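Below: entry.cif (mmCIF, C-alpha atoms)
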data_my_file
#
loop_
_atom_site.label_atom_id
_atom_site.label_comp_id
_atom_site.auth_asym_id
_atom_site.auth_seq_id
_atom_site.Cartn_x
_atom_site.Cartn_y
_atom_site.Cartn_z
CA GLU Y 912 -16.15 26.04 7.70
CA VAL Y 913 -14.05 26.37 10.85
CA GLY Y 914 -17.07 27.72 12.72
CA TRP Y 915 -16.57 28.90 16.28
CA TRP Y 916 -13.15 27.30 16.64
CA TYR Y 917 -9.68 28.73 16.89
CA ASN Y 918 -6.17 27.36 16.59
CA SER Y 919 -3.77 29.01 19.03
CA GLU Y 920 -1.09 28.89 16.33
CA TRP Y 921 -3.12 31.44 14.37
CA ASN Y 922 -2.28 34.29 16.77
CA GLY Y 923 -1.67 37.44 14.76
CA GLU Y 924 -2.75 35.72 11.51
CA ARG Y 925 -6.51 35.07 11.67
CA GLU Y 926 -8.85 38.03 12.15
CA PHE Y 927 -11.85 37.98 14.48
CA THR Y 928 -14.73 39.93 12.90
CA PHE Y 929 -18.02 41.24 14.21
CA THR Y 930 -20.73 43.58 13.01
CA VAL Y 931 -22.59 46.37 14.78
CA HIS Y 932 -26.07 47.57 13.89
CA THR Y 933 -27.92 50.48 15.52
CA MET Y 934 -31.58 51.39 15.22
CA LEU Y 935 -30.79 55.06 14.64
CA ASP Y 936 -28.16 56.65 12.44
CA ASN Y 937 -25.01 58.01 14.07
CA MET Y 938 -26.10 57.11 17.60
CA LEU Y 939 -22.77 55.62 18.76
CA ALA Y 940 -20.28 57.69 20.70
CA ALA Y 941 -16.94 58.39 19.02
CA ASP Y 942 -15.26 55.86 21.31
CA GLY Y 943 -18.40 53.75 21.54
CA VAL Y 944 -17.02 50.42 20.25
CA LYS Y 945 -14.58 48.53 22.43
CA ALA Y 946 -13.42 44.90 22.31
CA ARG Y 947 -11.28 42.63 24.43
CA PHE Y 948 -10.29 38.96 24.63
CA LEU Y 949 -10.88 36.73 27.66
CA THR Y 950 -10.42 33.03 28.31
CA SER Y 951 -12.48 30.31 29.92
CA PRO Y 952 -12.70 28.52 32.21
CA ASN Y 953 -10.36 30.75 34.26
CA GLY Y 954 -11.39 34.15 32.91
CA TYR Y 955 -7.94 35.47 32.09
CA VAL Y 956 -7.76 38.75 30.18
CA LEU Y 957 -5.66 37.99 27.12
CA GLN Y 958 -6.01 41.39 25.51
CA ASP Y 959 -7.67 44.31 27.35
CA TRP Y 960 -10.16 46.77 26.02
CA GLN Y 961 -9.29 48.19 22.62
CA THR Y 962 -11.24 51.13 21.20
CA MET Y 963 -12.27 50.50 17.61
CA THR Y 964 -12.29 53.28 15.03
CA LEU Y 965 -15.72 53.90 13.58
CA PRO Y 966 -15.62 53.48 9.80
CA GLY Y 967 -17.84 55.43 7.46
CA GLY Y 968 -21.53 54.64 7.44
CA ASP Y 969 -24.63 55.46 9.42
CA ASN Y 970 -25.86 52.47 11.42
CA ASP Y 971 -24.08 49.33 10.09
CA TRP Y 972 -20.41 48.67 10.71
CA GLU Y 973 -18.03 45.72 10.43
CA PHE Y 974 -14.95 45.47 12.62
CA GLY Y 975 -11.97 43.13 12.72
CA LEU Y 976 -9.10 42.61 15.14
CA PHE Y 977 -6.32 40.15 15.79
CA LEU Y 978 -5.41 38.27 18.96
CA GLY Y 979 -1.73 38.78 19.63
CA SER Y 980 -1.41 37.10 23.02
CA ASP Y 981 -0.60 33.47 23.73
CA ILE Y 982 -3.39 31.31 25.11
CA PRO Y 983 -2.50 29.44 28.33
CA SER Y 984 -2.62 25.67 27.95
CA THR Y 985 -5.17 25.47 30.77
CA GLU Y 986 -7.80 27.38 28.80
CA TRP Y 987 -10.45 25.83 26.59
CA HIS Y 988 -11.93 28.90 24.95
CA VAL Y 989 -11.21 32.42 23.76
CA ILE Y 990 -14.05 34.86 24.35
CA LEU Y 991 -14.41 37.99 22.27
CA GLU Y 992 -16.32 40.54 24.32
CA VAL Y 993 -17.67 43.70 22.67
CA GLU Y 994 -19.02 46.77 24.50
CA LEU Y 995 -21.06 49.46 22.74
CA THR Y 996 -21.73 52.96 24.14
CA ASP Y 997 -24.24 55.39 22.58
CA LEU Y 998 -24.30 59.17 22.61
CA TRP Y 999 -26.39 59.15 25.81
CA GLY Y 1000 -23.94 56.99 27.72
CA TYR Y 1001 -25.92 53.78 27.66
CA THR Y 1002 -23.84 50.60 27.15
CA THR Y 1003 -24.52 47.08 25.92
CA THR Y 1004 -22.21 44.08 25.94
CA ASN Y 1005 -22.13 40.87 23.93
CA GLN Y 1006 -19.76 37.92 23.76
CA GLN Y 1007 -18.80 35.10 21.44
CA SER Y 1008 -16.88 32.04 22.59
CA TYR Y 1009 -14.40 30.24 20.29
CA GLY Y 1010 -13.27 26.78 21.24
CA VAL Y 1011 -9.50 26.43 21.32
CA ASP Y 1012 -8.52 23.31 19.40
CA THR Y 1013 -5.04 22.31 20.53
CA GLN Y 1014 -5.08 18.63 19.62
CA ALA Y 1015 -4.63 16.73 16.40
CA PRO Y 1016 -7.19 14.05 15.53
CA THR Y 1017 -6.67 10.55 16.89
CA VAL Y 1018 -6.30 7.81 14.29
CA GLU Y 1019 -6.50 4.05 14.83
CA PHE Y 1020 -6.27 1.20 12.34
CA LEU Y 1021 -8.71 -1.56 13.24
CA SER Y 1022 -7.57 -4.02 10.59
CA PRO Y 1023 -5.36 -5.55 9.47
CA GLU Y 1024 -2.69 -5.78 12.14
CA ASP Y 1025 0.61 -4.23 11.13
CA GLU Y 1026 2.87 -6.59 9.12
CA THR Y 1027 0.16 -9.19 8.53
CA ILE Y 1028 0.93 -11.65 5.72
CA PHE Y 1029 -1.71 -12.43 3.08
CA ASP Y 1030 -1.87 -14.77 0.11
CA LEU Y 1031 -1.82 -13.50 -3.43
CA ASP Y 1032 -5.27 -12.45 -4.70
CA ASP Y 1033 -6.68 -12.08 -1.17
CA ALA Y 1034 -9.12 -9.23 -0.54
CA VAL Y 1035 -7.54 -7.15 2.25
CA HIS Y 1036 -9.99 -5.07 4.32
CA VAL Y 1037 -8.25 -1.96 5.65
CA VAL Y 1038 -10.43 -0.30 8.30
CA ALA Y 1039 -9.62 2.75 10.43
CA GLU Y 1040 -11.40 5.06 12.84
CA TYR Y 1041 -10.50 8.64 13.65
CA SER Y 1042 -11.90 11.34 15.91
CA ASP Y 1043 -11.38 14.96 16.88
CA ILE Y 1044 -13.05 14.68 20.29
CA GLN Y 1045 -10.94 16.30 23.00
CA GLU Y 1046 -10.77 14.94 26.50
CA TYR Y 1047 -10.99 17.92 28.86
CA ASP Y 1048 -9.94 17.75 32.48
CA GLU Y 1049 -13.15 17.43 34.49
CA GLY Y 1050 -11.34 18.87 37.48
CA ARG Y 1051 -11.09 22.32 35.94
CA SER Y 1052 -13.28 24.78 37.79
CA THR Y 1053 -15.89 26.91 36.02
CA ASN Y 1054 -17.24 28.51 39.19
CA ASN Y 1055 -15.68 31.88 38.39
CA LEU Y 1056 -17.72 32.14 35.18
CA GLY Y 1057 -21.21 33.45 34.82
CA PRO Y 1058 -24.11 31.05 34.10
CA ARG Y 1059 -23.90 31.63 30.32
CA ARG Y 1060 -20.16 30.88 30.15
CA ARG Y 1061 -20.52 27.74 32.28
CA ASP Y 1062 -23.18 26.49 29.91
CA ILE Y 1063 -20.86 27.11 26.93
CA VAL Y 1064 -17.99 25.27 28.56
CA ASP Y 1065 -19.98 22.32 29.87
CA ASN Y 1066 -22.25 21.65 26.92
CA ASP Y 1067 -21.32 23.31 23.65
CA ARG Y 1068 -17.55 23.09 23.51
CA ASN Y 1069 -16.65 19.57 24.59
CA ASN Y 1070 -15.40 18.42 21.16
CA GLY Y 1071 -12.66 19.42 18.77
CA SER Y 1072 -13.24 21.50 15.67
CA GLY Y 1073 -14.19 18.39 13.68
CA ILE Y 1074 -12.72 16.36 10.87
CA HIS Y 1075 -11.95 18.28 7.72
CA SER Y 1076 -10.44 15.50 5.60
CA ALA Y 1077 -9.24 11.91 5.82
CA ILE Y 1078 -7.11 10.57 2.96
CA MET Y 1079 -5.84 6.98 2.82
CA THR Y 1080 -2.94 6.26 0.44
CA VAL Y 1081 -2.14 2.67 -0.52
CA VAL Y 1082 1.25 2.05 -2.18
CA SER Y 1083 1.59 -1.29 -3.99
CA PRO Y 1084 4.83 -3.28 -4.28
CA ASP Y 1085 5.46 -1.89 -7.78
CA GLY Y 1086 5.36 1.71 -6.48
CA THR Y 1087 1.95 2.68 -7.86
CA TYR Y 1088 -0.54 4.16 -5.43
CA GLU Y 1089 -4.25 4.84 -4.95
CA GLU Y 1090 -5.93 7.43 -2.72
CA TYR Y 1091 -9.26 7.04 -0.93
CA SER Y 1092 -11.34 9.58 1.00
CA GLY Y 1093 -12.93 8.70 4.33
CA GLY Y 1094 -16.17 9.74 5.96
CA GLU Y 1095 -16.81 11.70 9.12
CA ASN Y 1096 -14.97 9.31 11.45
CA TYR Y 1097 -14.50 6.00 9.59
CA ILE Y 1098 -12.92 4.60 6.45
CA GLU Y 1099 -12.95 1.10 4.97
CA VAL Y 1100 -11.07 0.16 1.82
CA ILE Y 1101 -10.89 -3.28 0.19
CA ILE Y 1102 -7.55 -3.87 -1.53
CA ALA Y 1103 -7.14 -6.60 -4.14
CA ALA Y 1104 -3.74 -8.04 -3.23
CA ASP Y 1105 -2.72 -8.85 -6.79
CA GLN Y 1106 1.01 -8.21 -6.36
CA ALA Y 1107 3.51 -10.09 -4.25
CA GLY Y 1108 5.53 -7.97 -1.86
CA MET Y 1109 4.98 -5.18 0.68
CA TYR Y 1110 1.99 -2.85 0.67
CA SER Y 1111 2.29 0.45 2.55
CA VAL Y 1112 -0.85 2.17 3.87
CA SER Y 1113 -0.94 5.68 5.34
CA LEU Y 1114 -3.92 7.61 6.66
CA ALA Y 1115 -3.66 11.40 6.97
CA VAL Y 1116 -6.46 13.07 8.96
CA GLU Y 1117 -6.79 16.85 9.35
CA ASP Y 1118 -9.23 18.77 11.50
CA LYS Y 1119 -10.92 22.04 10.59
CA VAL Y 1120 -8.30 24.24 12.20
CA GLY Y 1121 -5.39 22.54 10.46
CA HIS Y 1122 -4.11 20.01 13.00
CA ALA Y 1123 -3.08 16.80 11.23
CA SER Y 1124 -2.27 13.23 12.25
CA VAL Y 1125 -0.74 10.48 10.12
CA GLU Y 1126 -0.72 6.76 10.93
CA THR Y 1127 0.81 4.01 8.79
CA LEU Y 1128 0.82 0.25 8.54
CA THR Y 1129 2.30 -2.33 6.20
CA PHE Y 1130 1.17 -5.76 5.12
CA TYR Y 1131 2.80 -8.37 2.96
CA VAL Y 1132 1.55 -10.59 0.17
CA GLU Y 1133 3.18 -13.91 -0.51
CA GLY Y 1134 2.73 -15.86 -3.73
CA ILE Y 1135 3.91 -19.18 -5.14
CA PRO Y 1136 5.91 -18.86 -8.38
CA PRO Y 1137 5.41 -21.36 -11.22
CA THR Y 1138 7.08 -24.77 -11.02
CA ILE Y 1139 8.59 -26.51 -14.07
CA THR Y 1140 8.77 -30.29 -14.55
CA PHE Y 1141 10.66 -31.83 -17.48
CA LEU Y 1142 9.38 -35.13 -18.85
CA PRO Y 1143 11.62 -37.94 -20.18
CA MET Y 1144 11.73 -38.34 -23.94
CA GLY Y 1145 9.54 -41.43 -24.07
CA GLU Y 1146 11.23 -44.65 -22.98
CA TYR Y 1147 14.65 -43.14 -23.59
CA GLY Y 1148 14.74 -41.00 -20.47
CA PHE Y 1149 16.82 -37.84 -20.76
CA TRP Y 1150 18.70 -38.96 -23.83
CA PHE Y 1151 18.62 -37.36 -27.24
CA HIS Y 1152 19.68 -38.49 -30.70
CA PRO Y 1153 20.47 -35.54 -33.00
CA GLU Y 1154 19.21 -37.42 -36.07
CA ASN Y 1155 15.80 -37.83 -34.45
CA ASN Y 1156 15.00 -34.12 -34.47
CA ASN Y 1157 11.25 -34.65 -34.73
CA GLU Y 1158 11.05 -35.95 -31.18
CA PRO Y 1159 9.60 -33.10 -29.00
CA PHE Y 1160 11.03 -32.01 -25.68
CA ILE Y 1161 8.09 -31.90 -23.25
CA PHE Y 1162 7.71 -30.06 -19.96
CA ILE Y 1163 4.86 -29.01 -17.67
CA VAL Y 1164 4.47 -25.65 -15.93
CA HIS Y 1165 2.29 -25.69 -12.82
CA ASP Y 1166 0.85 -22.37 -11.63
CA GLU Y 1167 -2.28 -21.68 -9.59
CA TYR Y 1168 -2.68 -18.10 -10.78
CA GLY Y 1169 -2.35 -18.57 -14.53
CA ILE Y 1170 0.33 -18.22 -17.20
CA ASP Y 1171 -0.37 -15.09 -19.18
CA SER Y 1172 2.43 -14.41 -21.65
CA GLY Y 1173 3.68 -17.92 -22.38
CA VAL Y 1174 7.09 -19.31 -21.59
CA GLU Y 1175 10.49 -18.72 -23.16
CA VAL Y 1176 12.92 -21.53 -24.06
CA GLU Y 1177 16.54 -21.71 -25.23
CA PHE Y 1178 18.84 -24.59 -26.21
CA TYR Y 1179 22.56 -24.62 -25.35
CA THR Y 1180 25.32 -27.09 -26.12
CA VAL Y 1181 27.08 -29.18 -23.47
CA PRO Y 1182 29.92 -28.58 -23.07
CA GLY Y 1183 30.62 -25.21 -24.66
CA ASN Y 1184 27.43 -23.42 -23.50
CA GLU Y 1185 26.73 -22.25 -27.05
CA LEU Y 1186 23.23 -20.97 -27.79
CA ILE Y 1187 21.94 -22.99 -30.76
CA GLN Y 1188 18.21 -22.20 -30.66
CA GLY Y 1189 16.08 -19.46 -29.12
CA PRO Y 1190 14.96 -17.50 -27.34
CA GLN Y 1191 11.61 -18.89 -28.43
CA VAL Y 1192 8.19 -18.16 -26.89
CA LEU Y 1193 5.83 -21.13 -26.64
CA GLU Y 1194 2.11 -21.47 -26.13
CA PRO Y 1195 0.76 -24.51 -24.26
CA VAL Y 1196 -0.37 -27.54 -26.24
CA ASN Y 1197 -2.65 -28.54 -23.38
CA VAL Y 1198 -4.08 -26.96 -20.23
CA SER Y 1199 -5.49 -29.12 -17.46
CA GLY Y 1200 -6.42 -27.21 -14.32
CA ASP Y 1201 -3.25 -25.47 -13.11
CA ASP Y 1202 -0.96 -27.56 -15.38
CA TYR Y 1203 0.26 -26.17 -18.71
CA THR Y 1204 1.97 -28.63 -21.07
CA TYR Y 1205 4.52 -27.37 -23.60
CA GLU Y 1206 6.40 -29.06 -26.43
CA VAL Y 1207 9.39 -27.83 -28.40
CA VAL Y 1208 11.42 -29.45 -31.19
CA LEU Y 1209 15.14 -28.85 -31.54
CA GLY Y 1210 15.51 -27.96 -35.19
CA ALA Y 1211 19.03 -26.59 -35.00
CA SER Y 1212 22.10 -28.69 -35.70
CA VAL Y 1213 24.11 -29.82 -32.72
CA PRO Y 1214 27.86 -29.12 -33.24
CA ASN Y 1215 30.20 -32.07 -33.37
CA GLY Y 1216 31.88 -32.78 -30.10
CA SER Y 1217 28.82 -31.94 -28.03
CA THR Y 1218 27.91 -34.52 -25.43
CA GLY Y 1219 24.51 -33.07 -24.66
CA VAL Y 1220 22.08 -30.18 -25.00
CA ARG Y 1221 20.60 -28.10 -22.17
CA LEU Y 1222 17.01 -26.88 -22.40
CA GLU Y 1223 16.43 -23.70 -20.37
CA VAL Y 1224 12.88 -22.59 -19.56
CA THR Y 1225 11.67 -19.29 -18.08
CA ALA Y 1226 8.01 -19.10 -17.01
CA GLU Y 1227 6.13 -16.06 -15.70
CA ASN Y 1228 2.60 -16.00 -14.29
CA VAL Y 1229 -0.04 -13.28 -14.43
CA HIS Y 1230 1.39 -11.73 -11.24
CA GLU Y 1231 4.84 -11.35 -12.82
CA MET Y 1232 6.32 -14.05 -10.61
CA GLU Y 1233 9.08 -15.73 -12.59
CA THR Y 1234 10.71 -19.17 -12.44
CA PHE Y 1235 13.77 -20.50 -14.25
CA SER Y 1236 14.75 -24.16 -14.66
CA SER Y 1237 16.88 -26.28 -16.98
CA GLN Y 1238 17.39 -29.91 -17.98
CA VAL Y 1239 20.35 -31.57 -19.70
CA TYR Y 1240 19.70 -34.24 -22.31
CA ALA Y 1241 22.73 -36.45 -23.12
CA ILE Y 1242 23.43 -37.12 -26.80
CA ASP Y 1243 23.68 -40.79 -27.83
CA THR Y 1244 25.91 -40.95 -30.92
CA ILE Y 1245 27.62 -44.32 -30.37
CA PRO Y 1246 25.95 -47.68 -31.18
CA PRO Y 1247 25.96 -50.41 -28.55
CA GLU Y 1248 29.17 -52.42 -28.06
CA VAL Y 1249 28.86 -56.23 -28.69
CA VAL Y 1250 31.50 -58.80 -27.59
CA PHE Y 1251 31.33 -62.60 -28.09
CA VAL Y 1252 32.87 -64.13 -24.98
CA SER Y 1253 32.61 -67.75 -26.16
CA PRO Y 1254 33.24 -69.70 -28.25
CA GLU Y 1255 36.15 -68.18 -30.10
CA ASP Y 1256 35.51 -67.27 -33.63
CA GLY Y 1257 36.30 -70.24 -35.92
CA ALA Y 1258 36.29 -72.83 -33.12
CA GLU Y 1259 35.48 -76.45 -34.21
CA PHE Y 1260 33.26 -78.88 -32.27
CA GLU Y 1261 32.29 -82.51 -32.67
CA ILE Y 1262 28.81 -83.42 -33.72
CA ASP Y 1263 26.26 -83.58 -30.91
CA THR Y 1264 28.39 -81.31 -28.71
CA SER Y 1265 26.53 -78.66 -26.70
CA VAL Y 1266 27.99 -75.30 -27.70
CA TYR Y 1267 27.56 -72.47 -25.21
CA VAL Y 1268 27.48 -69.12 -26.94
CA LEU Y 1269 28.03 -66.26 -24.50
CA VAL Y 1270 27.74 -62.60 -25.61
CA GLU Y 1271 28.15 -59.35 -23.68
CA PHE Y 1272 26.88 -55.99 -24.91
CA ASN Y 1273 26.40 -52.48 -23.43
CA ASP Y 1274 25.55 -48.94 -24.40
CA PHE Y 1275 27.61 -47.11 -21.77
CA GLN Y 1276 29.20 -43.84 -22.90
CA GLU Y 1277 31.87 -41.78 -21.26
CA ILE Y 1278 30.05 -38.47 -20.78
CA ALA Y 1279 32.07 -35.31 -20.09
CA ALA Y 1280 31.91 -34.18 -16.49
CA THR Y 1281 30.65 -30.78 -17.62
CA LEU Y 1282 27.19 -32.28 -17.99
#
Would you give me this structure, written as structure tokens?
Amino acid sequence: EVGWWYNSEWNGEREFTFTVHTMLDNMLAADGVKARFLTSPNGYVLQDWQTMTLPGGDNDWEFGLFLGSDIPSTEWHVILEVELTDLWGYTTTNQQSYGVDTQAPTVEFLSPEDETIFDLDDAVHVVAEYSDIQEYDEGRSTNNLGPRRRDIVDNDRNNGSGIHSAIMTVVSPDGTYEEYSGGENYIEVIIAADQAGMYSVSLAVEDKVGHASVETLTFYVEGIPPTITFLPMGEYGFWFHPENNNEPFIFIVHDEYGIDSGVEVEFYTVPGNELIQGPQVLEPVNVSGDDYTYEVVLGASVPNGSTGVRLEVTAENVHEMETFSSQVYAIDTIPPEVVFVSPEDGAEFEIDTSVYVLVEFNDFQEIAATL
């Protein structure tokens, strides 16, 4: 599939072959097959005439030879020239030109720009172009070549050997990767950005003689993790009475992508940090748009001496983005304090006296600072 192209790095490794056919059997002279290598556009002799040994056969032969000389960087082509001489001394000459491909393909990403930031679940269009066209110096002279060689140089050999393969590799933030094959000179891949983090894209393009180019880009995907909001326990705020263990603790998880595997809750004592319930996985009791409402009842006994309980919640969305939050609920174990300020207990008054009864009461508790 390389066609009439040659990589100068192949010297001594890739064989040039040609066949010879004569109308009559055994009509070639013993030294009647010679070959040499030239260049264009400057006509340098890379390898002078070499006499080929005639193999067995009558009028069909196949020959092969290697080019062992370096090709000057100014030359565009290698020309294999073959001369045949018959038993009567008549000669004929033929040539074949091989374009010298010295350049790797050019590769350019058209979109996105390197290090662009996208939102989670965006569709990212990765587009690239590549080419194996070679820009030759128009100032190079071809006047020293015959008409046939000038035509070869000017018209037939102005491109590279052509694209052999184009492979795009996309590595996701979790390390998994996908590979995509491109067309003749263009590739477009749509990536579902379903993971937060950095995506790495590389495009490896190889031409038909083995030259390769690799270009890379990265883009980033940002996502919003879930948010957790704890609700007061009715009119009591963030207070909890251990004897009222049927009262649910309620919280809301907000997430625009969706909660897939539920949330996990644990209860700890305050102070002491003792786990008394959990871990426990909950399912929502209500879903409204992006809001997921959860309820959990503390069924475990709260040890004496505890001044509160701490509810810890871990929520993870469908994109494995995780959020942790906690809320302390103080324990109310002391009844309100009531003090009669006036009158004194047992005081006596005359009939028709206005008696002012003044009472103070409060429910303040001294809560440990470890709350």
Excluding segment 1247-1257 of chain Y and any residue of its chain fewer than 3 positions from it, enumerate the residues within 10 Å of it, using only C-alpha atoms, and give them as a PyMOL selection string. chain Y and resi 1243-1244+1260+1266-1276
Just want the 9 Å neighbourhood of Met938 of chain Y, counted on only C-alpha atoms, with same-chain residues fewer than 4 positions away dropped. Output as a list in words.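 Returned residues: Thr933, Met934, Asp969, Asn970, Thr996, Asp997, Leu998 and Trp999 of chain Y.
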Residues near segment 1201-1213 of chain Y, cut-off 7 Å, all atoms listed in the file, skip fewer than 2 positions along chain, as a VMD selection string: chain Y and resid 1153 1156 to 1167 1187 to 1188 1194 to 1199 1215 1217
Within 6 Å of (-15.9, 19.3, 9.2) (coordinates as in the file), grab all the protein and nucleic acid residues, counting all atoms listed in the file, and write them out as a PyMOL selection string. chain Y and resi 1073-1075+1119
I'd like the contact shell of segment 1168-1179 of chain Y - 6 Å cut-off, all atoms listed in the file, skipping same-chain residues fewer than 2 positions apart - returned as a ChimeraX atom specification. /Y:1166,1184-1194,1220-1226,1228-1229
Could you state the separation of atom CA of Val1116 of chain Y and atom CA of Glu920 of chain Y in Å, given to one decimal place? 18.3 Å
Residue members of the PyMOL selection byres ((chain Y and resi 956) around 12) in the file shown, as an MDAnalysis selection string: chainID Y and resid 946:955 957:960 978 980:983 986 988:992
Evaluated on this file, the PyMOL selection byres ((chain Y and resi 1090) around 8) picks out some residues - which ones are they, written as an MDAnalysis selection string? chainID Y and resid 1078:1081 1088:1089 1091:1092
Expected selection from the PyMOL selection byres ((chain Y and resi 1002) around 12), given as a PyMOL selection string: chain Y and resi 938-940+942-945+993-1001+1003-1005
Keeping only C-alpha atoms, write those residues as a PDB file, in the frame of the given file.
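What follows is the written file again28.pdb:
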ATOM      1  CA  MET Y 938     -26.100  57.110  17.600  1.00  0.00           C
ATOM      2  CA  LEU Y 939     -22.770  55.620  18.760  1.00  0.00           C
ATOM      3  CA  ALA Y 940     -20.280  57.690  20.700  1.00  0.00           C
ATOM      4  CA  ASP Y 942     -15.260  55.860  21.310  1.00  0.00           C
ATOM      5  CA  GLY Y 943     -18.400  53.750  21.540  1.00  0.00           C
ATOM      6  CA  VAL Y 944     -17.020  50.420  20.250  1.00  0.00           C
ATOM      7  CA  LYS Y 945     -14.580  48.530  22.430  1.00  0.00           C
ATOM      8  CA  VAL Y 993     -17.670  43.700  22.670  1.00  0.00           C
ATOM      9  CA  GLU Y 994     -19.020  46.770  24.500  1.00  0.00           C
ATOM     10  CA  LEU Y 995     -21.060  49.460  22.740  1.00  0.00           C
ATOM     11  CA  THR Y 996     -21.730  52.960  24.140  1.00  0.00           C
ATOM     12  CA  ASP Y 997     -24.240  55.390  22.580  1.00  0.00           C
ATOM     13  CA  LEU Y 998     -24.300  59.170  22.610  1.00  0.00           C
ATOM     14  CA  TRP Y 999     -26.390  59.150  25.810  1.00  0.00           C
ATOM     15  CA  GLY Y1000     -23.940  56.990  27.720  1.00  0.00           C
ATOM     16  CA  TYR Y1001     -25.920  53.780  27.660  1.00  0.00           C
ATOM     17  CA  THR Y1003     -24.520  47.080  25.920  1.00  0.00           C
ATOM     18  CA  THR Y1004     -22.210  44.080  25.940  1.00  0.00           C
ATOM     19  CA  ASN Y1005     -22.130  40.870  23.930  1.00  0.00           C
TER      20      ASN Y1005
END
Go through Y:Thr1140, Y:Thr1127, Y:Thr964, Y:Gln1006 one by one, measure the shortest atom-to-atom distance of each to Leu1021 of chain Y using only C-alpha atoms, and give the residue with the smallest value.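 Looking only at the distances to Leu1021 of chain Y, the closest residue turns out to be Y:Thr1127.
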